[in-house]
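Colleague: There's a structure below that I have some questions on.
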Amino acid sequence: MQNLPTFVLVHGAFANSFSFAPLQAELALLGHRSVAVDLPGHGFEATFPPAYQAPQELDALSAEPGSIKGVTLADNAARVIEALERAKRNGPTILVAHSRGGITVTAVANARPELVDRIVYVSAWCPVDLDVAGYYAEPEMADVDPGTLAPALVGNPAELGLLRVNFRTADPVALAAFRQAFAADLADDEFRTFLNTFQPDENLDAGTSADRAQAATWGRIPKTYVRLAADASVPPAVQDRMIREADALTPDNPFDVRTLEGSHLRWLVHPKPAAALLAGLAAH
């Protein structure tokens with residue numbers, strides 16, 4: 001076991017380590033160890049106010065403080081670095097990011113490249129030429145509705161110091177928007193089950209231009225980009241753009257590019273193909 005890598009899994013926005021449980025089970029059955037990291041304010045550190053329960057009290061929920069207020073990208077990176085330092089004692093590490101988790105993983109690789117033997121982005125943000133917010137203004141994101149979360153947004157983010165979304169809503173408009181963005185190819189019950197693993201709060205800090213991929217540090221780590229072919233949240237066009245930009249930044253260390261079928265969340269609900277792909281990377 002000493003020479004086998006440990007997969008360190010980093011979740012996306014509003015998610016937590018729990019969403020990786022099916023993938024970790026498949027990895028374990030293939031003989032691989034993994035650890036799913038909860039970023040600060042996530043998992044059992046999350047805030048689930050009584051007003052978020054049923055029956056909901058949205059007025060109270062819109063003003064309830066949240067533990068994730070003030071959490072920064074630097075805090076997220078520190079949490080992952082701590083996990084990597086511990087995992088590295090057992091051998092190589094493969095750092096895997098999904099969605100918004102890619103911002104954290106990129107910052108980690110900029111700061112501590114010696115802790116990472118391979119980075120794997122699974123339809124994850126890998127900011128190179130632009131900040132993440134900048135990509136949303138680009139043609140590759142033209143088909144993505146920036147107001148997807150708006151029907152279920154609760155409270156004023158500026159006043160709360162966080163972004164709060166009511167994932168327990170029964171509003172058909174909001175549910176349809178979530179479904180289209182994240183999980184159009186899942187069964188109804190699969191979609192709603194995943195939605196119930198989400199937490200209502202997310203932090204606001206996505207870093208600055210200093211947190212984009214840096215050639216001297218991030219750029220020396222072997223890296224794989226796993227495209228999700230039917231992703232409507234981080235579309236293939238923007239995935240491909242980030243791959244091109246990264247390859248231009250480090251032409252001697254380009255992305256190893258793979259593709260999985262399915263939506264933004266399907267690979268986590270039906271994880272066998274992803275587990276096989278990751279196991280194959282561990283063998284190299």
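Chains: A, B, ... in order of the structure tokens. Residues: from 1 per chain. Ligands: from 1, in order shown.
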Within 12 Å of Val173 in chain A, counting only C-alpha atoms, which residues qualify if same-chain residues fewer than 5 places away don't, as a ChimeraX atom specification?
Modeller: /A:147-152,178-180
Colleague: Take the residues from that selection and write them out as a short mmCIF file (atom, residue, chain, number, x, y, z; two decimals), in the first residue's frame, keeping all heavy atoms.
Modeller:
data_model
loop_
_atom_site.label_atom_id
_atom_site.label_comp_id
_atom_site.auth_asym_id
_atom_site.auth_seq_id
_atom_site.Cartn_x
_atom_site.Cartn_y
_atom_site.Cartn_z
N GLY A 147 -28.53 33.27 -13.88
CA GLY A 147 -29.58 33.39 -12.87
C GLY A 147 -30.16 32.06 -12.42
O GLY A 147 -31.24 32.03 -11.83
N THR A 148 -29.42 30.97 -12.65
CA THR A 148 -29.93 29.64 -12.29
C THR A 148 -30.34 29.57 -10.82
O THR A 148 -31.37 28.98 -10.48
CB THR A 148 -28.87 28.57 -12.58
OG1 THR A 148 -28.64 28.51 -14.00
CG2 THR A 148 -29.32 27.20 -12.09
N LEU A 149 -29.53 30.15 -9.95
CA LEU A 149 -29.80 30.07 -8.52
C LEU A 149 -30.80 31.13 -8.04
O LEU A 149 -31.29 31.04 -6.91
CB LEU A 149 -28.49 30.21 -7.73
CG LEU A 149 -27.41 29.16 -8.00
CD1 LEU A 149 -26.18 29.47 -7.15
CD2 LEU A 149 -27.91 27.76 -7.71
N ALA A 150 -31.08 32.11 -8.90
CA ALA A 150 -31.87 33.27 -8.47
C ALA A 150 -33.24 32.92 -7.89
O ALA A 150 -33.64 33.48 -6.87
CB ALA A 150 -32.00 34.27 -9.62
N PRO A 151 -34.00 31.98 -8.50
CA PRO A 151 -35.33 31.71 -7.94
C PRO A 151 -35.30 31.15 -6.52
O PRO A 151 -36.31 31.23 -5.80
CB PRO A 151 -35.91 30.66 -8.91
CG PRO A 151 -35.14 30.83 -10.17
CD PRO A 151 -33.77 31.22 -9.75
N ALA A 152 -34.17 30.61 -6.10
CA ALA A 152 -34.08 30.02 -4.77
C ALA A 152 -33.11 30.78 -3.86
O ALA A 152 -32.81 30.32 -2.76
CB ALA A 152 -33.64 28.56 -4.86
N PHE A 178 -32.36 24.04 -11.56
CA PHE A 178 -31.31 23.20 -10.97
C PHE A 178 -31.08 21.95 -11.82
O PHE A 178 -29.95 21.56 -12.09
CB PHE A 178 -31.69 22.77 -9.55
CG PHE A 178 -31.75 23.87 -8.54
CD1 PHE A 178 -32.54 23.74 -7.40
CD2 PHE A 178 -31.02 25.03 -8.68
CE1 PHE A 178 -32.60 24.74 -6.45
CE2 PHE A 178 -31.07 26.04 -7.74
CZ PHE A 178 -31.86 25.89 -6.61
N ARG A 179 -32.19 21.33 -12.20
CA ARG A 179 -32.12 20.07 -12.96
C ARG A 179 -31.38 20.29 -14.27
O ARG A 179 -30.50 19.51 -14.65
CB ARG A 179 -33.53 19.56 -13.19
CG ARG A 179 -33.62 18.25 -13.97
CD ARG A 179 -33.15 17.09 -13.12
NE ARG A 179 -33.28 15.83 -13.84
CZ ARG A 179 -34.37 15.07 -13.84
NH1 ARG A 179 -35.46 15.46 -13.17
NH2 ARG A 179 -34.39 13.93 -14.50
N GLN A 180 -31.73 21.35 -14.99
CA GLN A 180 -31.11 21.62 -16.27
C GLN A 180 -29.63 21.92 -16.12
O GLN A 180 -28.80 21.47 -16.91
CB GLN A 180 -31.82 22.80 -16.96
CG GLN A 180 -31.17 23.22 -18.28
CD GLN A 180 -31.15 22.12 -19.31
OE1 GLN A 180 -32.07 21.28 -19.37
NE2 GLN A 180 -30.12 22.09 -20.16
#
Colleague: Would you list the contacts of Lys88 in chain A as a list in words, taking every protein, DNA or RNA residue within 8 Å and counting only C-alpha atoms, but skipping same-chain residues closer than 4 positions in sequence?
Modeller: Thr6, Leu84, Pro92, Thr93 and Leu115 of chain A
Colleague: Please produce a file of the residues just selected, as a PDB file, in the first residue's frame, where the atoms kept are all heavy atoms.
Modeller:
ATOM      1  N   THR A   6      -2.737   8.144  -2.672  1.00  0.00           N
ATOM      2  CA  THR A   6      -3.988   8.485  -1.994  1.00  0.00           C
ATOM      3  C   THR A   6      -4.694   9.547  -2.821  1.00  0.00           C
ATOM      4  O   THR A   6      -4.110  10.576  -3.157  1.00  0.00           O
ATOM      5  CB  THR A   6      -3.726   9.040  -0.584  1.00  0.00           C
ATOM      6  OG1 THR A   6      -3.039   8.051   0.193  1.00  0.00           O
ATOM      7  CG2 THR A   6      -5.032   9.410   0.107  1.00  0.00           C
ATOM      8  N   LEU A  84      -3.241  17.094   2.532  1.00  0.00           N
ATOM      9  CA  LEU A  84      -2.164  16.596   1.682  1.00  0.00           C
ATOM     10  C   LEU A  84      -0.909  16.277   2.490  1.00  0.00           C
ATOM     11  O   LEU A  84      -0.234  15.276   2.231  1.00  0.00           O
ATOM     12  CB  LEU A  84      -1.828  17.619   0.594  1.00  0.00           C
ATOM     13  CG  LEU A  84      -2.823  17.738  -0.557  1.00  0.00           C
ATOM     14  CD1 LEU A  84      -2.524  18.992  -1.370  1.00  0.00           C
ATOM     15  CD2 LEU A  84      -2.786  16.501  -1.448  1.00  0.00           C
ATOM     16  N   PRO A  92       2.493   8.715  -2.625  1.00  0.00           N
ATOM     17  CA  PRO A  92       2.071   9.752  -3.571  1.00  0.00           C
ATOM     18  C   PRO A  92       0.628  10.212  -3.326  1.00  0.00           C
ATOM     19  O   PRO A  92      -0.173   9.498  -2.711  1.00  0.00           O
ATOM     20  CB  PRO A  92       2.194   9.063  -4.933  1.00  0.00           C
ATOM     21  CG  PRO A  92       3.070   7.877  -4.699  1.00  0.00           C
ATOM     22  CD  PRO A  92       2.840   7.451  -3.281  1.00  0.00           C
ATOM     23  N   THR A  93       0.320  11.390  -3.838  1.00  0.00           N
ATOM     24  CA  THR A  93      -1.041  11.927  -3.731  1.00  0.00           C
ATOM     25  C   THR A  93      -1.540  12.334  -5.105  1.00  0.00           C
ATOM     26  O   THR A  93      -0.784  12.852  -5.931  1.00  0.00           O
ATOM     27  CB  THR A  93      -1.104  13.151  -2.804  1.00  0.00           C
ATOM     28  OG1 THR A  93      -0.287  14.191  -3.340  1.00  0.00           O
ATOM     29  CG2 THR A  93      -0.649  12.813  -1.397  1.00  0.00           C
ATOM     30  N   LEU A 115       3.622  18.766  -2.670  1.00  0.00           N
ATOM     31  CA  LEU A 115       2.694  17.865  -1.997  1.00  0.00           C
ATOM     32  C   LEU A 115       1.823  17.069  -2.963  1.00  0.00           C
ATOM     33  O   LEU A 115       1.094  16.177  -2.537  1.00  0.00           O
ATOM     34  CB  LEU A 115       1.789  18.653  -1.049  1.00  0.00           C
ATOM     35  CG  LEU A 115       2.442  19.318   0.166  1.00  0.00           C
ATOM     36  CD1 LEU A 115       1.413  20.142   0.927  1.00  0.00           C
ATOM     37  CD2 LEU A 115       3.078  18.272   1.077  1.00  0.00           C
TER      38      LEU A 115
END
Colleague: If DSSP is run on the backbone, what residues of range 55-242 of chain A are alpha helix (DSSP H)? A reply as a count of residues only would be ideal.
Modeller: 65
Colleague: Near Leu277 in chain A, counting only C-alpha atoms, which residues have an atom at most 9 Å away, once you skip same-chain residues fewer than 5 positions from it, shown as a PyMOL selection string?
Modeller: chain A and resi 258+260+272+282
Colleague: Write out as a list in words which residues come within 8 Å of Ala63 in chain A when counting only C-alpha atoms, dropping same-chain ones fewer than 2 positions away.
Modeller: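 Those residues are Asp59, Ala60, Leu61, Pro65, Gly155 and Leu160 of chain A.
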Colleague: Ranking A:Leu4, A:Leu58, A:Val234, A:Ala275 by minimum distance to Leu30 in chain A and counting only C-alpha atoms, which one comes first?
Modeller: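 Using only C-alpha atoms, Leu30 in chain A sits closest to A:Ala275.
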